[in-house]
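Asks: Sharing a structure below in structure tokens format, with a few things to ask.
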There are 2 protein chains.
Amino acid sequence: MHETHLHHEEHLQSSDLLTDIVIGMSDGLTVPFALAAGLSGAVDSTAVIVLAGVAEIAAGSIAMGLGGFLAGKTEQDHYNSELKREYWEVDHLPEKEREEVREFFESLGLSKEVQDKAVDELVKDKDRWVAFMMKHELNLDKPDPKRARKSAFNIGMSYVVGGLVPLSPYFFIDDSVEALKISVVITLICLFVFGYFKSKVTGQPPLSGAFKVLIIGALAAAAAFGMAKLINGG
Amino acid sequence: MHETHLHHEEHLQSSDLLTDIVIGMSDGLTVPFALAAGLSGAVDSTAVIVLAGVAEIAAGSIAMGLGGFLAGKTEQDHYNSELKREYWEVDHLPEKEREEVREFFESLGLSKEVQDKAVDELVKDKDRWVAFMMKHELNLDKPDPKRARKSAFNIGMSYVVGGLVPLSPYFFIDDSVEALKISVVITLICLFVFGYFKSKVTGQPPLSGAFKVLIIGALAAAAAFGMAKLINGG
């Protein structure tokens, strides 16, 4: 659910696939788990919980996967339109663009003399000039066109896999409280293990990372349980 | 749900608050909507749907809000530890760090002479040197320490507000199919309006952006509805 993660993950070192799995699975383990736990506090039959859980997994995986896909497409469109605009500006407003390059070197604390020389050399090659503007003026990296589609699929599937973990006991057990007990045990173990490896991959202290992931899951489940109890009692 | 969004939003121009609202509300409008729609295809009573919807909103807002908060904390820890390391490297391995600065200027296509002059001037001020390494070697921007907490709250609350929109008819109407009809109408309108403004804020074509957001919501709801029907019939 946390769109914030990808951004941070990209700053740290991890492969794209691992990043996608981390994104999809952390929400997949957390939200369906919390939903099932919440309903267990208010509904006796596991049939309704399986129904709600599967509906949530379908909705969540599509929202995350497709949402990620379209966000990727938007990023590409944005990159391409900015690229076009920079070429246009370099052709039609070269003095303004030269000045922007000079300001960059000025911001690094270089002397006027070195600023001017660096600008003269950099603007000799138009493609390199535009690439420089894209990266250092606009802070844009070239997006990989295939990435959006792959990423959507990986995130969506990881959400499904993660979501089936907490839901699995409800498929086999009729009593919701009994199913909840098993679901809590296996999901908290999975959240801990997942948090451990997630932290390893992103270069964070793994034990504290594992506890953070576990606590988010437990708090979300407790809140859902409490809200469902409240509504059912009222 | 899509952690990918924040990353893209940050490339485009929008205030932090708007970014948070976009993140929280796009998922809040989509997933509880799809869950309620899915359950409406399989359950007659709206009481269960309200229960599941509220449990989902509680779970989703905590997972998104707290998840975002901890991701922000992790980013700060990462930034601070890298900053410390860069100061250490500048003190203990100055030649290696000088070479990295030179490689940066080389990558811009500058001549050897200008590279060397630029390096000499840049490394005169140690703080500026470290700031340069953080930004251009590691691609890290200084995170705002207050931001993580505010962002968590904004995202979580936007999720709650967004989620209450599709759920509201179920509070007042007993028949789930009747409630679903109203929920579909008001949520699709809200998704469209939301998608329109989201695209405006992020500098995208607003009409196509509005349709994208609407289609994600509709597909997620249709998938949830189909899965719930399938399970209920089997």
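As shown in the structure tokens, the chain order sets the letters A, B, ...; within each chain, residues go from 1, and ligands are also counted from 1 in the order they appear.
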Near chain A, which residues of chain B fall within 7 Å when you count only C-alpha atoms, and what do they look like as a PyMOL selection string?
Replies: chain B and resi 1-8+11+23+30-31+34-35+38-39+51-52+54-56+58-60+62-64+66-68+71+75+108-110+114+117-118+121-122+140+216+220-221+223-225+227-228+231
Asks: Write out as number ranges by chain all residues of stretch 94-168 of chain B that backbone DSSP assigns to alpha helix (DSSP H).
Replies: B: 94-107, 112-122, 126-132, 147-168
Asks: Can you list, as a PyMOL selection string, every protein, DNA or RNA residue that comes within 6 Å of stretch 171-185 of chain A when you count only C-alpha atoms, leaving out same-chain residues fewer than 2 positions away?
Replies: chain A and resi 40+44-46+166+168-169+187-188
Asks: Please compute the atom CA of A:Asn80-atom CA of B:Phe211 distance, one decimal, in Å.
Replies: 21.0 Å
Asks: Hey, what's within 6 Å of stretch 189-192 of chain A if we count only C-alpha atoms and toss same-chain stuff fewer than 2 positions away? As a compact mmCIF listing (two decimals) with N, CA, C and O atoms, in the first residue's frame, please?
Replies:
# COMPACT_ATOMS: atom_id res chain seq x y z
N ILE A 186 1.26 -18.24 11.44
CA ILE A 186 2.04 -18.34 10.19
C ILE A 186 2.31 -16.97 9.56
O ILE A 186 3.37 -16.74 9.00
N THR A 187 1.37 -16.04 9.71
CA THR A 187 1.59 -14.73 9.09
C THR A 187 2.67 -13.94 9.83
O THR A 187 3.52 -13.30 9.20
N PHE A 194 10.13 -12.26 6.12
CA PHE A 194 10.09 -11.33 5.00
C PHE A 194 10.79 -10.01 5.35
O PHE A 194 11.60 -9.49 4.57
N GLY A 195 10.49 -9.47 6.53
CA GLY A 195 11.11 -8.22 6.97
C GLY A 195 12.61 -8.37 7.10
O GLY A 195 13.37 -7.44 6.79
N ALA A 210 13.01 -6.52 10.57
CA ALA A 210 12.04 -7.61 10.71
C ALA A 210 10.97 -7.24 11.73
O ALA A 210 9.78 -7.49 11.51
N LEU A 214 6.86 -6.73 11.18
CA LEU A 214 5.98 -7.51 12.04
C LEU A 214 5.00 -6.61 12.79
O LEU A 214 3.80 -6.90 12.90
Asks: Report, in Å with one decimal, the straight-line distance from atom CA of A:Met25 to atom CA of A:Gly162.
Replies: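 Separation between atom CA of A:Met25 and atom CA of A:Gly162: 4.9 Å.
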